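Enquirer: Here it is, the structure in full.
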Amino acid sequence: MATSRGGKQSQPLLHSPTPAADGGGGAAGRRRFVAFLAVTAALVASYHLLAPTNPSRYHALFLSLGSNATAAAHLRALTLRPHVAGTEANAAAARYVLHAFSSLSFPAHITPYSVLLSYPVHRSLTLTPSRGLAAKPFSLVQETYKGDPYAEAAAEVISTYFAYSASGSVAAEVVYANYGHSEDYAYLASRGVDVAGKVALARYGDIHCEDMVRNARAAGAAAAIVYTDAKDYGGGAGKGEKRRWFPDARWLPPTGVQVGTLYYMNGDPTTPLWPSCAAGEDCERLSAEDLAGSAAMPGIPALPVSARDGETILKAMGGDVAPPKWQGGEGAPVYRLGPGPAVLNLTYIGNETLATIENVFAVIQGKEEPDRYVIIGNHRDAWTFGAVDPNSGTAAMLEIAGRLSKLQAKGWRPRRTIILCSWDAEEFALIGSTEWAEENMDTLASRAIAYLNVDISVFGPGGLRPRATPQLDELIKEASKMVPDPDEPSQTLYDTMMSHHPPITRVAGAGTDFAAFLQHIGVPSLDMSYGTIKEYPVYHSLYDDYVWVERFGDPLFHRHVAVASVWGLIALKLADDEIIPFNYVSYASELEECTKDIVDKCKGFPVSFSPLQKSIKQLERAATKIHKEKMLLQAENWSLKTRQYTLKVREMNDRLMMAERAFTNREGLAGRPWYKHMIYASSDQDDWGTKAFPDIVSAMDKAKKSNTTESWRSLQHEIYRVARAVSKASAVLDGGLT
């Protein structure tokens with residue numbers, strides 16, 4: 001149920017960008033920015049001259065309207081206070097976004113849901129180095145720095161914790177488990193290190209915290225501690241060099257802690273596979289007892305701690321020396337496997353409570369096809385100030401909204417409806433986007449053209465990094481050619497993107513809000529950022545604030561503008577082009593390459609990949625056929641827009657839109673019914689990992705380990721299931737009946 005809520009929040013004055021040696025500021029940065037503007041103007045001018053239709057001229061105008069000051073002002077306003085989902089500060093952020101949309105004359109509204117969120121009530125952690133010595137308590141506090149302009153607001157930051165951690169107390173010896181992979185626990189077992197009943201100590205860096213704690217529980221650990229190792233997040237000081245961290249450098253301070261969620265599914269935990277509802281409405285929910293026994297819950301107490309605390313624990317540990325790859329960086333102590341003699345006493349008490357979250361929407365009604373939706377999304381909630389994650393994306397989305405409003409004032413109306421979405425409670429379990437997608441699933445399945453997500457618009461330097469379903473590849477490349485790279489103004493975003501290998505990766509892991517659209521419904525999806533997460537060591541910590549972005553992430557805010565330009569241009573092409581700019585030919589080629597890789601890994605085993613190989617050939621023929629039909633239709637005389645022509649366009653667009661849906665399976669992936677996409681989904685061992693043919697890969701790994709007739713039969717079954725999905729997509733693209 002949607003409700004409209006107003007609320008005006010003033011925007012603070014924009015500070016001047018602060019020069020920073022490693023962030024791109026200073027005179028050199030300003031010279032690059034002037035060059036960036038000049039190249040932008042030249043590209044826009046050439047695009048305008050070549051544009052054959054009115055929509056294209058509006059698209060050129062869109063590119064000329066970028067404002068780094070607007071992006072910076074939105075980011076500053078959104079990050080004045082920490083705004084965890086379910087808090088008053090996040091409700092204020094929702095009102096800010098609603099007002100921003102409404103002030104642009106867009107119809108805007110808020111849709112609330114009542115969902116289960118998790119907050120800490122009590123945490124304590126003490127270390128007893130060895131028998132007979134006094135226990136040492138950890139403060140578990142992230143320290144502010146001298147002159148921190150957000151020191152007062154930092155008092156509102158929720159204590160460091162893992163959402164949905166089991167409550168309880170554990171006192172046990174410690175075992176060091178490297179990055180917490182299942183392979184790391186297998187190595188410990190091979191060395192005779194018993195994890196059962198112990199506290200597992202693992203470091204961030206490779207997989208998400210929910211997978212780390214699940215792996216610890218599967219190995220028999222009674223509790224888990226996850227710390228941020230200085231090797232990965234504290235900066236690369238060389239031998240004899242003094243380590244520097246924020247605010248003097250971009251690195252995470254020694255007391256910085258990366259918080260997160262441990263719930264292993266997506267959406268409100270009390271309403272799996274069906275939508276939640278607003279507070280006060282009658283809604284079926286799982287009970288507390290149901291949730292306690294759910295495999296999606298971590299089942300053991302867990303806490304995140306800082307690099308300083310993690311190193312203190314490691315110094316007190318004995319046992320065999322850990323292998324070289326498990327060791328820390330320069331100046332770190334020697335890491336040992338344990339167990340003990342150090343004993344950790346951990347207590348965590350959490351409060352899981354129903355709270356109201358608010359999704360905010362703006363709708364720009366399509367003129368010719370109002371029942372076809374191009375959806376732009378970003379989440380708003382943050383663990384702390386959220387300047388990079390997620391409000392760099394929110395600022396870019398609001399900057400896009402401002403440009404679209406100016407286009408409307410010039411007479412532009414999109415052919416198809418554009419929906420701008422500000423999601424809530426993403427950090428807890430992609431809850432806001434998942435509940436809305438589940439509530440509107442059938443409508444979205446029949447009307448959504450694409451979902452375009454930007455969680456984080458700017459990590460730092462490093463060029464455009466898109467990930468998408470393959471039919472969007474050509475459109476991404478086309479749009480990126482029209483936007484100069486803010487760090488290399490003589491080149492376009494396309495030029496720097498193509499220097500990466502691969503230039504475009506796939507949306508598969510469930511790390512952000514595209515998951516419900518792609519993996520639950522089958523909507524073609526995109527997610528992108530500028531730079532990589534390695535440039536952003538303050539992730540999910542107290543230090544993800546406006547100052548960090550201003551000094552290191554994007555001092556001139558020209559990276560924000562560049563992302564907004566390519567993001568918005570892709571949306572405009574999807575909304576305005578008469579024929580949807582999808583190309584499935586590359587999709588078939590990619591699936592063929594992925595199949596070759598799996599076949600090579602299964603040589604000599606009792607399975608046949610022939611069904612899948614045949615279905616991909618079928619997809620290749622159907623994709624080639626519709627591409628040729630599209631070329632012929634576009635070559636027709638566009639001045640004679642007969643009814644027959646219009647119907648042909650609509651029919652072709654429906655085939656292009658619906659083909660991705662056919663890759664889904666109503667029963668879902670094995671053991672994960674919410675995930676329905678048979679081609680791209682997260683690994684069952686890594687919720688952020690990208691896997692093509694996830695069920696085939698999982699079944700193959702299990703069959704190789706067990707080598708039983710039943711396991712090979714299960715693998716063959718998954719090959720058939722994927723082959724049927726590919727054949728379904730081929731039939732949709734072909735457009736006929738058998």
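Identifiers in the structure tokens: chain A, B, ... in order shown; residue index from 1 per chain; ligand index from 1 in order shown.
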Find the spatial neighbours of Ala163 in chain A, counting only C-alpha atoms, within a cut-off of 10 Å - ignore same-chain residues fewer than 2 positions away - and output them as a list in words.

Expert: Leu117, Ser118, Tyr119, Pro120, Thr160, Tyr161, Ser165, Ala166, Glu210, Val259, Gly260, Thr261, Leu262, Tyr263, Pro298, Ala302, Leu303, Gly350, Asn351, Glu352, Glu427, Phe428 and Ala429 of chain A

Enquirer: What lies within 10 Å of range 194-196 of chain A using only C-alpha atoms, ignoring chain neighbours under 5 positions off, as a PDB file with N, CA and C atoms, in the first residue's frame?

Expert:
ATOM      1  N   GLU A 173      38.730 -21.513  23.373  1.00  0.00           N
ATOM      2  CA  GLU A 173      39.988 -21.215  22.695  1.00  0.00           C
ATOM      3  C   GLU A 173      39.709 -20.749  21.263  1.00  0.00           C
ATOM      4  N   VAL A 174      40.714 -20.087  20.704  1.00  0.00           N
ATOM      5  CA  VAL A 174      40.573 -19.501  19.372  1.00  0.00           C
ATOM      6  C   VAL A 174      41.319 -20.334  18.337  1.00  0.00           C
ATOM      7  N   VAL A 175      40.704 -20.453  17.142  1.00  0.00           N
ATOM      8  CA  VAL A 175      41.358 -21.061  15.974  1.00  0.00           C
ATOM      9  C   VAL A 175      41.362 -20.029  14.855  1.00  0.00           C
ATOM     10  N   TYR A 176      42.511 -19.840  14.210  1.00  0.00           N
ATOM     11  CA  TYR A 176      42.627 -18.891  13.102  1.00  0.00           C
ATOM     12  C   TYR A 176      42.262 -19.589  11.794  1.00  0.00           C
ATOM     13  N   ALA A 177      41.311 -18.990  11.038  1.00  0.00           N
ATOM     14  CA  ALA A 177      40.776 -19.636   9.830  1.00  0.00           C
ATOM     15  C   ALA A 177      40.965 -18.805   8.564  1.00  0.00           C
ATOM     16  N   TYR A 185      38.804 -24.188   6.233  1.00  0.00           N
ATOM     17  CA  TYR A 185      38.471 -25.128   7.320  1.00  0.00           C
ATOM     18  C   TYR A 185      38.911 -26.552   6.966  1.00  0.00           C
ATOM     19  N   LEU A 188      42.533 -26.668   7.855  1.00  0.00           N
ATOM     20  CA  LEU A 188      42.720 -26.818   9.302  1.00  0.00           C
ATOM     21  C   LEU A 188      42.523 -28.284   9.715  1.00  0.00           C
ATOM     22  N   ALA A 189      41.477 -28.909   9.152  1.00  0.00           N
ATOM     23  CA  ALA A 189      41.220 -30.319   9.476  1.00  0.00           C
ATOM     24  C   ALA A 189      42.390 -31.192   9.036  1.00  0.00           C
ATOM     25  N   ALA A 216      32.018 -21.213   9.374  1.00  0.00           N
ATOM     26  CA  ALA A 216      32.501 -21.486  10.732  1.00  0.00           C
ATOM     27  C   ALA A 216      31.549 -22.423  11.466  1.00  0.00           C
ATOM     28  N   ARG A 217      30.268 -22.155  11.324  1.00  0.00           N
ATOM     29  CA  ARG A 217      29.265 -23.019  11.973  1.00  0.00           C
ATOM     30  C   ARG A 217      29.328 -24.438  11.408  1.00  0.00           C
ATOM     31  N   ALA A 218      29.456 -24.557  10.084  1.00  0.00           N
ATOM     32  CA  ALA A 218      29.515 -25.879   9.458  1.00  0.00           C
ATOM     33  C   ALA A 218      30.732 -26.659   9.932  1.00  0.00           C
ATOM     34  N   ALA A 219      31.810 -25.951  10.280  1.00  0.00           N
ATOM     35  CA  ALA A 219      33.020 -26.617  10.768  1.00  0.00           C
ATOM     36  C   ALA A 219      32.923 -26.969  12.247  1.00  0.00           C
ATOM     37  N   GLY A 220      31.838 -26.543  12.891  1.00  0.00           N
ATOM     38  CA  GLY A 220      31.634 -26.893  14.292  1.00  0.00           C
ATOM     39  C   GLY A 220      31.975 -25.809  15.285  1.00  0.00           C
ATOM     40  N   ALA A 221      32.347 -24.610  14.808  1.00  0.00           N
ATOM     41  CA  ALA A 221      32.707 -23.526  15.721  1.00  0.00           C
ATOM     42  C   ALA A 221      31.504 -23.122  16.567  1.00  0.00           C
ATOM     43  N   ALA A 222      31.778 -22.708  17.808  1.00  0.00           N
ATOM     44  CA  ALA A 222      30.716 -22.268  18.706  1.00  0.00           C
ATOM     45  C   ALA A 222      30.429 -20.787  18.545  1.00  0.00           C
ATOM     46  N   ALA A 223      31.379 -20.040  17.986  1.00  0.00           N
ATOM     47  CA  ALA A 223      31.217 -18.607  17.760  1.00  0.00           C
ATOM     48  C   ALA A 223      32.232 -18.180  16.710  1.00  0.00           C
ATOM     49  N   GLY A 338      46.515 -21.965  16.240  1.00  0.00           N
ATOM     50  CA  GLY A 338      45.789 -22.335  17.440  1.00  0.00           C
ATOM     51  C   GLY A 338      45.561 -23.842  17.453  1.00  0.00           C
ATOM     52  N   PRO A 339      44.630 -24.358  18.250  1.00  0.00           N
ATOM     53  CA  PRO A 339      43.771 -23.591  19.154  1.00  0.00           C
ATOM     54  C   PRO A 339      44.515 -23.133  20.408  1.00  0.00           C
TER      55      PRO A 339
END

Enquirer: To one decimal place, how far is CA of Asn68 in chain A from CA of Glu399 in chain A in Å?

Expert: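 For CA of Asn68 in chain A relative to CA of Glu399 in chain A, the distance reads 8.6 Å.
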
Enquirer: Identify, on the basis of only C-alpha atoms, every residue whose closest approach to Ser422 in chain A does not exceed 10 Å; exclude the query and any residue fewer than 5 positions from it along the same chain; express the result as an MDAnalysis selection string.

Expert: chainID A and resid 94 97:98 110 358:362 376:381 393:394 397:398 432:433

Enquirer: Next, dump the selected residues to file, keeping only N, CA and C atoms, as a PDB file, in the first residue's frame.

Expert:
ATOM      1  N   ALA A  94      14.593   9.515   3.847  1.00  0.00           N
ATOM      2  CA  ALA A  94      13.513   9.186   2.908  1.00  0.00           C
ATOM      3  C   ALA A  94      12.728  10.434   2.550  1.00  0.00           C
ATOM      4  N   VAL A  97      14.677  12.530   0.018  1.00  0.00           N
ATOM      5  CA  VAL A  97      14.576  12.017  -1.351  1.00  0.00           C
ATOM      6  C   VAL A  97      13.197  12.300  -1.922  1.00  0.00           C
ATOM      7  N   LEU A  98      12.159  12.090  -1.116  1.00  0.00           N
ATOM      8  CA  LEU A  98      10.796  12.373  -1.568  1.00  0.00           C
ATOM      9  C   LEU A  98      10.652  13.844  -1.961  1.00  0.00           C
ATOM     10  N   ILE A 110       5.798   7.252  -1.151  1.00  0.00           N
ATOM     11  CA  ILE A 110       6.517   6.310  -0.292  1.00  0.00           C
ATOM     12  C   ILE A 110       5.664   5.063  -0.122  1.00  0.00           C
ATOM     13  N   GLU A 358      10.886   2.295   4.357  1.00  0.00           N
ATOM     14  CA  GLU A 358      10.182   3.124   3.379  1.00  0.00           C
ATOM     15  C   GLU A 358      10.941   3.166   2.055  1.00  0.00           C
ATOM     16  N   ASN A 359      10.318   2.627   1.025  1.00  0.00           N
ATOM     17  CA  ASN A 359      10.823   2.798  -0.336  1.00  0.00           C
ATOM     18  C   ASN A 359      10.234   4.082  -0.909  1.00  0.00           C
ATOM     19  N   VAL A 360      11.051   4.861  -1.602  1.00  0.00           N
ATOM     20  CA  VAL A 360      10.600   6.127  -2.186  1.00  0.00           C
ATOM     21  C   VAL A 360      10.659   6.011  -3.712  1.00  0.00           C
ATOM     22  N   PHE A 361       9.593   6.452  -4.376  1.00  0.00           N
ATOM     23  CA  PHE A 361       9.494   6.314  -5.832  1.00  0.00           C
ATOM     24  C   PHE A 361       9.134   7.644  -6.492  1.00  0.00           C
ATOM     25  N   ALA A 362       9.677   7.842  -7.691  1.00  0.00           N
ATOM     26  CA  ALA A 362       9.222   8.893  -8.597  1.00  0.00           C
ATOM     27  C   ALA A 362       8.896   8.233  -9.928  1.00  0.00           C
ATOM     28  N   ILE A 376      15.106   2.501 -12.539  1.00  0.00           N
ATOM     29  CA  ILE A 376      16.411   2.954 -12.039  1.00  0.00           C
ATOM     30  C   ILE A 376      16.378   2.834 -10.517  1.00  0.00           C
ATOM     31  N   GLY A 377      17.376   2.187  -9.921  1.00  0.00           N
ATOM     32  CA  GLY A 377      17.323   1.982  -8.484  1.00  0.00           C
ATOM     33  C   GLY A 377      18.645   2.146  -7.766  1.00  0.00           C
ATOM     34  N   ASN A 378      18.525   2.536  -6.486  1.00  0.00           N
ATOM     35  CA  ASN A 378      19.669   2.653  -5.580  1.00  0.00           C
ATOM     36  C   ASN A 378      19.112   2.587  -4.159  1.00  0.00           C
ATOM     37  N   HIS A 379      19.854   1.961  -3.239  1.00  0.00           N
ATOM     38  CA  HIS A 379      19.337   1.965  -1.864  1.00  0.00           C
ATOM     39  C   HIS A 379      19.845   3.182  -1.101  1.00  0.00           C
ATOM     40  N   ARG A 380      19.127   3.529  -0.044  1.00  0.00           N
ATOM     41  CA  ARG A 380      19.373   4.775   0.698  1.00  0.00           C
ATOM     42  C   ARG A 380      19.946   4.515   2.095  1.00  0.00           C
ATOM     43  N   ASP A 381      19.555   3.392   2.716  1.00  0.00           N
ATOM     44  CA  ASP A 381      19.976   3.108   4.087  1.00  0.00           C
ATOM     45  C   ASP A 381      21.457   2.783   4.140  1.00  0.00           C
ATOM     46  N   GLY A 393      25.645   6.639  -4.869  1.00  0.00           N
ATOM     47  CA  GLY A 393      24.658   6.245  -5.878  1.00  0.00           C
ATOM     48  C   GLY A 393      23.383   7.045  -5.779  1.00  0.00           C
ATOM     49  N   THR A 394      22.922   7.342  -4.554  1.00  0.00           N
ATOM     50  CA  THR A 394      21.714   8.156  -4.379  1.00  0.00           C
ATOM     51  C   THR A 394      21.926   9.549  -4.951  1.00  0.00           C
ATOM     52  N   MET A 397      21.722   9.377  -8.645  1.00  0.00           N
ATOM     53  CA  MET A 397      20.344   9.191  -9.108  1.00  0.00           C
ATOM     54  C   MET A 397      19.552  10.488  -9.018  1.00  0.00           C
ATOM     55  N   LEU A 398      19.740  11.246  -7.939  1.00  0.00           N
ATOM     56  CA  LEU A 398      19.039  12.522  -7.816  1.00  0.00           C
ATOM     57  C   LEU A 398      19.558  13.532  -8.832  1.00  0.00           C
ATOM     58  N   GLY A 432      14.079  -3.909   1.099  1.00  0.00           N
ATOM     59  CA  GLY A 432      13.139  -3.005   0.436  1.00  0.00           C
ATOM     60  C   GLY A 432      12.856  -3.380  -0.997  1.00  0.00           C
ATOM     61  N   SER A 433      13.899  -3.626  -1.777  1.00  0.00           N
ATOM     62  CA  SER A 433      13.704  -3.979  -3.188  1.00  0.00           C
ATOM     63  C   SER A 433      13.041  -5.337  -3.327  1.00  0.00           C
TER      64      SER A 433
END

Enquirer: Can you work out which one of A:Val226, A:Val649, A:Ala564, A:Leu612 has the shortest atom-to-atom distance to Arg721 in chain A, counting only C-alpha atoms?

Expert: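 Closest candidate: A:Leu612.
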
Enquirer: Find the residue from A:Thr709, A:Ser608, A:Thr512, A:Thr356 that sits nearest to Asp455 in chain A; use only C-alpha atoms when measuring.

Expert: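 Closest to Asp455 in chain A, using only C-alpha atoms: A:Thr512.
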
Enquirer: Rank A:Leu407, A:Ala134, A:Ala450, A:Ile456 by their smallest atom-to-atom distance to Ile570 in chain A, using only C-alpha atoms, and report the top residue only.

Expert: A:Ala450

Enquirer: Going by DSSP on the backbone, which residues of range 534-731 of chain A come out as strand (DSSP E)? List them as JSON, numbers by chain.

Expert: {"A": [680, 681, 682, 683, 686, 687, 688, 689, 690, 691, 692]}

Enquirer: What does the file look like for those residues with C-alpha atoms, as a PDB file, in the first residue's frame?

Expert:
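What ended up in again15.pdb:
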ATOM      1  CA  TYR A 680      23.343 -16.359 -13.587  1.00  0.00           C
ATOM      2  CA  ALA A 681      23.176 -16.505  -9.792  1.00  0.00           C
ATOM      3  CA  SER A 682      25.456 -16.373  -6.794  1.00  0.00           C
ATOM      4  CA  SER A 683      27.459 -19.405  -5.793  1.00  0.00           C
ATOM      5  CA  ASP A 686      29.737 -17.268  -1.851  1.00  0.00           C
ATOM      6  CA  ASP A 687      26.742 -14.930  -1.903  1.00  0.00           C
ATOM      7  CA  TRP A 688      28.761 -12.301  -3.757  1.00  0.00           C
ATOM      8  CA  GLY A 689      30.354 -14.689  -6.218  1.00  0.00           C
ATOM      9  CA  THR A 690      29.407 -14.759  -9.887  1.00  0.00           C
ATOM     10  CA  LYS A 691      28.558 -18.116 -11.415  1.00  0.00           C
ATOM     11  CA  ALA A 692      27.288 -19.042 -14.864  1.00  0.00           C
TER      12      ALA A 692
END

Enquirer: Kindly give the distance, in Å, that separates CA of Lys614 in chain A and CA of Lys596 in chain A, rounded to a single decimal.

Expert: 12.7 Å

Enquirer: Find the residue from A:Asp389, A:Asp701, A:Glu629, A:Asp577 that sits nearest to Tyr536 in chain A; use only C-alpha atoms when measuring.

Expert: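 Of A:Asp389, A:Asp701, A:Glu629, A:Asp577, the one nearest Tyr536 in chain A is A:Asp389, counting only C-alpha atoms.
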
Enquirer: Between CA of Ala172 in chain A and CA of Lys198 in chain A, what is the spacing in Å?

Expert: 5.3 Å

Enquirer: Which residue is closest to Ala154 in chain A? Choose from A:Glu660, A:Leu542, A:Gly280, A:Ala77 and count only C-alpha atoms.

Expert: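 Closest to Ala154 in chain A of all the choices is A:Leu542.
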
Enquirer: Got a sec: who's within 8 Å of range 527-529 of chain A, counting only C-alpha atoms, leaving out chain neighbours fewer than 4 positions off, as a ChimeraX atom specification?

Expert: /A:452-459,464-468,507,514,563

Enquirer: Grab the residues selected above and save them as an mmCIF file, in the first residue's frame with C-alpha atoms.

Expert:
data_model
loop_
_atom_site.group_PDB
_atom_site.id
_atom_site.type_symbol
_atom_site.label_atom_id
_atom_site.label_comp_id
_atom_site.auth_asym_id
_atom_site.auth_seq_id
_atom_site.Cartn_x
_atom_site.Cartn_y
_atom_site.Cartn_z
ATOM 1 C CA LEU A 452 19.390 -0.393 -13.831
ATOM 2 C CA ASN A 453 21.083 -0.355 -10.436
ATOM 3 C CA VAL A 454 23.901 1.712 -9.034
ATOM 4 C CA ASP A 455 24.547 0.853 -5.398
ATOM 5 C CA ILE A 456 27.880 2.694 -5.188
ATOM 6 C CA SER A 457 28.536 5.164 -7.984
ATOM 7 C CA VAL A 458 32.137 5.971 -7.015
ATOM 8 C CA PHE A 459 34.707 3.910 -5.095
ATOM 9 C CA LEU A 464 33.821 2.516 -15.331
ATOM 10 C CA ARG A 465 33.082 -1.008 -14.056
ATOM 11 C CA PRO A 466 29.740 -2.267 -15.366
ATOM 12 C CA ARG A 467 28.230 -5.703 -14.830
ATOM 13 C CA ALA A 468 25.099 -6.722 -16.657
ATOM 14 C CA VAL A 507 25.339 -9.585 -12.555
ATOM 15 C CA PHE A 514 19.300 -6.149 -8.785
ATOM 16 C CA VAL A 563 28.461 7.706 -13.762
#

Enquirer: Within 9 Å of range 438-443 of chain A, counting only C-alpha atoms, which residues show up once you throw out same-chain ones fewer than 5 positions away? Write them as a list in words, please.

Expert: Leu273, Trp274, Pro275, Ser276, Cys277, Ser433, Ala448, Ala516, Phe517, His520 and Ile521 of chain A
